[in-house]
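Data first, discussion second: the structure below is written as structure tokens.
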Amino acid sequence: MSAADEQAPAKGGLGPLQTSADEEGVAAPAGPRALTGSPVATARRRVSRRALLAGGGLAALAGGGTVTAAALRSDGGATAAAGIPFHGPHQAGILTPRQQHVRVAAFDFGTRTDRGRAAALLLRWTSAAEHLARGAAVPPELEPPGSRAAETGALEGSAPARLTVTFGFGPNFFERTGLAAARPEALAPLPAFPEDQLDPARSDGDLLVQIGADDAFVTAHALRTLQRLARGEAGLRWTMTGFTAADGRRNLMGQIDGTNNPEPARALLHGPDVPPWLAGGSYVVIRRIRMLLDHWDTLPPTHREQAVGRRAADGAPLTGGTERTPVDLAAARSDGVPVIATNAHIRLAAPDSNNGATMVRRSWSYHDGLRADGSPDAGLLFMAWQPDPRTGFIPVQQRLSRGDALGRYLVHETSALFAVPGGTRPGAYVAQALLEG
């Protein structure tokens with residue numbers, strides 16, 4: 001039995017759907033509902049409407065306190081003073097400016113998983129994330145059946161620190177929940193790329209959790225909370241931590257990162273062909289890329305800049321101007337040699353070199369000490385958000401893997417792809433339309 005199966009409640013599926021009322025006699029949120037005896041219905045009875053809704057003067061189950069109208073927006077989201085709103089057309093953590101710290105984690109379901117149990121977990125997680133995002137304690141009603149653990153109050157009195165919690169689904173999520181027919185075609189497993197040295201234990205996963213905040217203590221507590229609430233349903237597969245520079249832009253190679261990023265909203269999914277549960281969502285590719293910093297640091301500055309195609313000091317292309325000046329890929333020296341080398345990173349990654357392919361990069365640095373050989377275990381948690389990885393990340397990475405000058409100083413060690421559902425309204429949970437549709 002896996003760790004995710006500990007204290008697992010009895011197996012139950014969604015079965016025929018029906019409407020019902022809460023345990024308190026309050027009409028349930030609009031939309032399909034599970035049978036009374038199913039795991040999601042059981043979770044709803046434990047997680048009352050008061051625990052799910054954050055507005056309208058409803059009593060907050062955290063510490064018996066109340067949420068006043070002044071602390072809430074009319075749409076149920078927290079004010080800027082209280083934190084980043086959890087509810088909305090898309091999940092926070094996609095368009096949100098990067099915070100100072102991130103914890104990215106993947107969970108795998110236990111062997112007893114089915115659609116109803118997955119829905120019950122997402123119901124608990126959604127409510128917990130909403131409470132944490134506005135600085136409230138997680139109410140005891142969210143604890144899984146049979147759990148003896150409880151909220152520690154570790155964040156009592158702390159500010160939310162711009163906390164965001166973002167959930168996503170890996171390719172195997174759909175098979176594990178009996179929803180294989182609903183898996184988007186774009187969520188096919190990523191192909192193998194030359195020179196990858198992937199660790200399977202730190203790649204892929206059924207469920208993604210991205211936790212960002214300006215306080216590392218807040219991200220650690222949020223992950224611990226979600227891990228506790230998942231007990232009996234899903235176990236932690238891997239977790240990684242990252243941080244940003246003071247200016248939020250430089251990576252550990254000393255380069256400005258994220259130049260020429262497209263408008264962040266271009267990562268979001270819209271249109272008639274997008275299933276309702278995914279509308280306003282995105283796809284994210286996660287790659288843990290170790291930088292060979294000891295080697296990189298020995299290179300002459302001109303060599304480093306030529307490998308990238310930009311000046312380290314200000315991020316301007318070697319063809320001149322400022323960071324935002326468009327690179328002139330046709331520019332050549334007097335002897336005919338291209339100013340931007342034919343294998344320079346920015347040339348091979350440019351949309352003009354990849355049939356217009358773009359990604360919204362929202363990456364983080366990491367430094368996990370030293371490896372056994374004494375070299376730094378440090379680099380980039382590369383996170384690329386896009387409407388379709390088949391026309392975004394995949395073609396760009398295939399081109400980069402065939403001779404990127406920067407690639408000889410990088411090692412791709414982990415890889416994962418997740419579909420990230422759209423946002424939720426108060427009273428609903430992430431991907432409810434998928435799991436109860």
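Labels for the structure tokens follow display order: chains A, B, ..., residues from 1 in each chain, ligands from 1.
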Just asking: which residues within range 197-237 of chain A are helix (DSSP H, G or I) according to DSSP, as a PyMOL selection string? chain A and resi 200-202+216-229
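Residue nearest Gln227 in chain A, chosen from A:Ile84, A:Gln432, A:Leu121, A:Asp257 and counting only C-alpha atoms: A:Leu121.
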So which residues touch Ile346 in chain A within 12 Å, counting only C-alpha atoms, skipping near sequence neighbours fewer than 5 positions away, as an MDAnalysis selection string? chainID A and resid 257:260 305:311 315:319 326:329 339:341 351:354 396 399:400 404:407
Where does range 329-397 of chain A meet range 235-256 of chain A within 7 Å, residue by residue, with the nearest atom pair and distance in Å to one decimal for each, counting only C-alpha atoms, listed by chain and rising number, as CSV?
```
residue,atom,partner,partner_atom,distance
A:Trp364,CA,A:Gly242,CA,5.2
A:Ser365,CA,A:Gly242,CA,5.2
A:Tyr366,CA,A:Gly242,CA,4.6
A:Gly379,CA,A:Leu252,CA,6.5
A:Leu381,CA,A:Gly242,CA,6.8
```
Would you mind exporting the chosen residues as a PDB file, in the first residue's frame, restricted to all heavy atoms?
```pdb
ATOM      1  N   TRP A 364      12.082  30.671 -12.152  1.00  0.00           N
ATOM      2  CA  TRP A 364      12.645  30.982 -10.844  1.00  0.00           C
ATOM      3  C   TRP A 364      14.046  30.385 -10.754  1.00  0.00           C
ATOM      4  O   TRP A 364      14.330  29.355 -11.364  1.00  0.00           O
ATOM      5  CB  TRP A 364      11.791  30.385  -9.729  1.00  0.00           C
ATOM      6  CG  TRP A 364      10.326  30.603  -9.890  1.00  0.00           C
ATOM      7  CD1 TRP A 364       9.501  29.989 -10.797  1.00  0.00           C
ATOM      8  CD2 TRP A 364       9.495  31.503  -9.156  1.00  0.00           C
ATOM      9  NE1 TRP A 364       8.221  30.443 -10.663  1.00  0.00           N
ATOM     10  CE2 TRP A 364       8.184  31.376  -9.664  1.00  0.00           C
ATOM     11  CE3 TRP A 364       9.733  32.380  -8.105  1.00  0.00           C
ATOM     12  CZ2 TRP A 364       7.109  32.110  -9.153  1.00  0.00           C
ATOM     13  CZ3 TRP A 364       8.668  33.107  -7.604  1.00  0.00           C
ATOM     14  CH2 TRP A 364       7.374  32.974  -8.127  1.00  0.00           C
ATOM     15  N   SER A 365      14.906  30.993  -9.988  1.00  0.00           N
ATOM     16  CA  SER A 365      16.221  30.410  -9.709  1.00  0.00           C
ATOM     17  C   SER A 365      16.109  29.433  -8.549  1.00  0.00           C
ATOM     18  O   SER A 365      15.196  29.517  -7.725  1.00  0.00           O
ATOM     19  CB  SER A 365      17.233  31.501  -9.362  1.00  0.00           C
ATOM     20  OG  SER A 365      17.473  32.356 -10.469  1.00  0.00           O
ATOM     21  N   TYR A 366      17.031  28.488  -8.494  1.00  0.00           N
ATOM     22  CA  TYR A 366      17.108  27.601  -7.339  1.00  0.00           C
ATOM     23  C   TYR A 366      18.574  27.356  -7.002  1.00  0.00           C
ATOM     24  O   TYR A 366      19.450  27.428  -7.861  1.00  0.00           O
ATOM     25  CB  TYR A 366      16.392  26.268  -7.596  1.00  0.00           C
ATOM     26  CG  TYR A 366      17.137  25.314  -8.502  1.00  0.00           C
ATOM     27  CD1 TYR A 366      18.058  24.387  -7.981  1.00  0.00           C
ATOM     28  CD2 TYR A 366      16.930  25.324  -9.874  1.00  0.00           C
ATOM     29  CE1 TYR A 366      18.748  23.518  -8.818  1.00  0.00           C
ATOM     30  CE2 TYR A 366      17.613  24.459 -10.707  1.00  0.00           C
ATOM     31  CZ  TYR A 366      18.516  23.556 -10.182  1.00  0.00           C
ATOM     32  OH  TYR A 366      19.212  22.705 -11.008  1.00  0.00           O
ATOM     33  N   GLY A 379      20.429  26.372 -10.499  1.00  0.00           N
ATOM     34  CA  GLY A 379      20.032  26.659 -11.875  1.00  0.00           C
ATOM     35  C   GLY A 379      18.696  27.357 -11.950  1.00  0.00           C
ATOM     36  O   GLY A 379      18.408  28.273 -11.175  1.00  0.00           O
ATOM     37  N   LEU A 381      14.390  26.951 -12.409  1.00  0.00           N
ATOM     38  CA  LEU A 381      13.118  26.258 -12.507  1.00  0.00           C
ATOM     39  C   LEU A 381      12.352  26.925 -13.638  1.00  0.00           C
ATOM     40  O   LEU A 381      11.656  27.925 -13.450  1.00  0.00           O
ATOM     41  CB  LEU A 381      12.337  26.355 -11.193  1.00  0.00           C
ATOM     42  CG  LEU A 381      12.933  25.661  -9.976  1.00  0.00           C
ATOM     43  CD1 LEU A 381      12.003  25.812  -8.773  1.00  0.00           C
ATOM     44  CD2 LEU A 381      13.213  24.200 -10.261  1.00  0.00           C
TER      45      LEU A 381
END
```
Could you pull out the strand (DSSP E or B) residues of range 104-209 of chain A, going by DSSP on the backbone, and write them as a PyMOL selection string? chain A and resi 104-109+164-169+207-209
With N, CA, C and O atoms retained, write the just-selected residues as a compact mmCIF listing (two decimals), in the first residue's frame.
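Saved to result09.txt:
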```
# COMPACT_ATOMS: atom_id res chain seq x y z
N VAL A 104 7.05 24.42 -5.89
CA VAL A 104 6.33 23.68 -6.93
C VAL A 104 6.34 22.21 -6.53
O VAL A 104 7.40 21.68 -6.16
N ALA A 105 5.19 21.57 -6.57
CA ALA A 105 5.10 20.19 -6.12
C ALA A 105 4.18 19.41 -7.03
O ALA A 105 3.23 19.94 -7.61
N ALA A 106 4.48 18.11 -7.15
CA ALA A 106 3.61 17.18 -7.86
C ALA A 106 3.17 16.10 -6.89
O ALA A 106 3.96 15.62 -6.07
N PHE A 107 1.91 15.72 -6.99
CA PHE A 107 1.34 14.65 -6.19
C PHE A 107 0.89 13.52 -7.11
O PHE A 107 0.48 13.76 -8.25
N ASP A 108 0.91 12.31 -6.59
CA ASP A 108 0.37 11.15 -7.28
C ASP A 108 -0.78 10.58 -6.45
O ASP A 108 -0.72 10.51 -5.22
N PHE A 109 -1.84 10.16 -7.15
CA PHE A 109 -2.96 9.53 -6.48
C PHE A 109 -2.58 8.17 -5.91
O PHE A 109 -1.65 7.52 -6.40
N THR A 164 -0.27 32.85 -3.68
CA THR A 164 -1.12 32.27 -4.71
C THR A 164 -0.92 30.77 -4.70
O THR A 164 0.20 30.28 -4.48
N VAL A 165 -1.99 30.03 -4.93
CA VAL A 165 -1.95 28.58 -5.04
C VAL A 165 -2.62 28.21 -6.36
O VAL A 165 -3.77 28.56 -6.60
N THR A 166 -1.89 27.50 -7.20
CA THR A 166 -2.35 27.16 -8.54
C THR A 166 -2.32 25.65 -8.71
O THR A 166 -1.32 25.01 -8.38
N PHE A 167 -3.42 25.08 -9.23
CA PHE A 167 -3.52 23.64 -9.38
C PHE A 167 -3.53 23.24 -10.86
O PHE A 167 -4.05 23.96 -11.71
N GLY A 168 -2.94 22.08 -11.16
CA GLY A 168 -2.92 21.57 -12.51
C GLY A 168 -3.00 20.06 -12.54
O GLY A 168 -2.81 19.40 -11.51
N PHE A 169 -3.23 19.50 -13.74
CA PHE A 169 -3.40 18.06 -13.93
C PHE A 169 -2.40 17.54 -14.94
O PHE A 169 -2.26 18.09 -16.04
N LEU A 207 -0.92 15.47 -10.17
CA LEU A 207 -1.45 16.77 -9.76
C LEU A 207 -0.30 17.75 -9.56
O LEU A 207 0.73 17.40 -8.98
N LEU A 208 -0.49 18.97 -10.03
CA LEU A 208 0.48 20.05 -9.82
C LEU A 208 -0.04 21.02 -8.78
O LEU A 208 -1.23 21.38 -8.78
N VAL A 209 0.84 21.45 -7.89
CA VAL A 209 0.55 22.56 -6.99
C VAL A 209 1.71 23.55 -7.10
O VAL A 209 2.86 23.20 -6.86
```
Skipping near chain neighbours, those fewer than 6 positions away, what residues fall within 10 Å of Ala222 in chain A using only C-alpha atoms, listed as a list in words?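 Listed by chain and then number, they are Arg103, Ala128, Ala129, Leu132, Ala133, Val138, Leu155, Leu163, Thr164, Val165, Ile211, Gly212, Ala213, Ala216 and Arg228 of chain A.
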Quick one: write out the picked residues with N, CA and C atoms as a PDB file, in the first residue's frame?
```pdb
ATOM      1  N   ARG A 103       7.192  27.352  -4.270  1.00  0.00           N
ATOM      2  CA  ARG A 103       7.313  25.912  -4.050  1.00  0.00           C
ATOM      3  C   ARG A 103       6.429  25.244  -5.089  1.00  0.00           C
ATOM      4  N   ALA A 128      -9.207  25.279   1.098  1.00  0.00           N
ATOM      5  CA  ALA A 128      -8.016  25.582   1.891  1.00  0.00           C
ATOM      6  C   ALA A 128      -7.202  26.699   1.257  1.00  0.00           C
ATOM      7  N   ALA A 129      -7.014  26.639  -0.067  1.00  0.00           N
ATOM      8  CA  ALA A 129      -6.227  27.657  -0.756  1.00  0.00           C
ATOM      9  C   ALA A 129      -6.886  29.022  -0.656  1.00  0.00           C
ATOM     10  N   LEU A 132      -6.163  30.334   2.868  1.00  0.00           N
ATOM     11  CA  LEU A 132      -4.769  30.734   3.019  1.00  0.00           C
ATOM     12  C   LEU A 132      -4.474  32.024   2.257  1.00  0.00           C
ATOM     13  N   ALA A 133      -5.071  32.187   1.077  1.00  0.00           N
ATOM     14  CA  ALA A 133      -4.786  33.356   0.248  1.00  0.00           C
ATOM     15  C   ALA A 133      -5.246  34.651   0.899  1.00  0.00           C
ATOM     16  N   VAL A 138      -7.047  27.445   8.108  1.00  0.00           N
ATOM     17  CA  VAL A 138      -7.840  26.424   7.434  1.00  0.00           C
ATOM     18  C   VAL A 138      -8.770  25.780   8.454  1.00  0.00           C
ATOM     19  N   LEU A 155       0.597  30.304  10.806  1.00  0.00           N
ATOM     20  CA  LEU A 155       0.560  31.597  10.129  1.00  0.00           C
ATOM     21  C   LEU A 155      -0.307  32.614  10.863  1.00  0.00           C
ATOM     22  N   LEU A 163       0.255  35.489  -1.401  1.00  0.00           N
ATOM     23  CA  LEU A 163       0.204  34.048  -1.633  1.00  0.00           C
ATOM     24  C   LEU A 163      -0.735  33.714  -2.786  1.00  0.00           C
ATOM     25  N   THR A 164      -0.268  32.854  -3.679  1.00  0.00           N
ATOM     26  CA  THR A 164      -1.118  32.271  -4.713  1.00  0.00           C
ATOM     27  C   THR A 164      -0.917  30.767  -4.702  1.00  0.00           C
ATOM     28  N   VAL A 165      -1.994  30.032  -4.931  1.00  0.00           N
ATOM     29  CA  VAL A 165      -1.948  28.577  -5.040  1.00  0.00           C
ATOM     30  C   VAL A 165      -2.620  28.206  -6.355  1.00  0.00           C
ATOM     31  N   ILE A 211       2.905  27.106  -5.502  1.00  0.00           N
ATOM     32  CA  ILE A 211       2.641  28.011  -4.384  1.00  0.00           C
ATOM     33  C   ILE A 211       3.659  29.134  -4.430  1.00  0.00           C
ATOM     34  N   GLY A 212       3.195  30.345  -4.659  1.00  0.00           N
ATOM     35  CA  GLY A 212       4.074  31.507  -4.696  1.00  0.00           C
ATOM     36  C   GLY A 212       3.728  32.477  -3.578  1.00  0.00           C
ATOM     37  N   ALA A 213       4.735  33.136  -3.005  1.00  0.00           N
ATOM     38  CA  ALA A 213       4.511  34.149  -1.974  1.00  0.00           C
ATOM     39  C   ALA A 213       5.789  34.945  -1.799  1.00  0.00           C
ATOM     40  N   ALA A 216       8.966  32.862   2.299  1.00  0.00           N
ATOM     41  CA  ALA A 216       9.213  31.425   2.143  1.00  0.00           C
ATOM     42  C   ALA A 216       8.510  30.616   3.221  1.00  0.00           C
ATOM     43  N   ARG A 228      -1.156  17.631   4.005  1.00  0.00           N
ATOM     44  CA  ARG A 228      -1.930  17.011   5.074  1.00  0.00           C
ATOM     45  C   ARG A 228      -3.361  16.727   4.627  1.00  0.00           C
TER      46      ARG A 228
END
```
Could you give me, as a ChimeraX atom specification, the residues within 12 Å of Leu370 in chain A, counting only C-alpha atoms and dropping anything in the same chain fewer than 5 positions from it? /A:290,292-294,375-379
Grab the residues selected above and save them as a CSV table (one decimal), in the first residue's frame with N, CA and C atoms.
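Listed below is the output, result14.csv:
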```
chain,number,residue,atom,x,y,z
A,290,ARG,N,19.7,22.5,-14.5
A,290,ARG,CA,20.9,22.8,-13.7
A,290,ARG,C,21.9,23.6,-14.6
A,292,LEU,N,25.7,24.8,-15.3
A,292,LEU,CA,27.1,24.4,-14.9
A,292,LEU,C,27.9,25.7,-14.6
A,293,LEU,N,27.6,26.2,-13.4
A,293,LEU,CA,28.1,27.5,-13.1
A,293,LEU,C,29.6,27.6,-12.9
A,294,ASP,N,30.2,26.5,-12.4
A,294,ASP,CA,31.7,26.6,-12.3
A,294,ASP,C,32.4,26.7,-13.6
A,375,SER,N,30.2,20.5,-7.2
A,375,SER,CA,29.7,21.6,-8.1
A,375,SER,C,28.4,22.0,-7.5
A,376,PRO,N,28.0,23.3,-7.9
A,376,PRO,CA,26.7,23.8,-7.4
A,376,PRO,C,25.5,23.0,-7.9
A,377,ASP,N,24.6,22.7,-7.1
A,377,ASP,CA,23.3,22.1,-7.5
A,377,ASP,C,22.4,23.3,-7.6
A,378,ALA,N,22.5,24.0,-8.7
A,378,ALA,CA,21.8,25.3,-8.8
A,378,ALA,C,21.4,25.6,-10.3
A,379,GLY,N,20.4,26.4,-10.5
A,379,GLY,CA,20.0,26.7,-11.9
A,379,GLY,C,18.7,27.4,-11.9
```
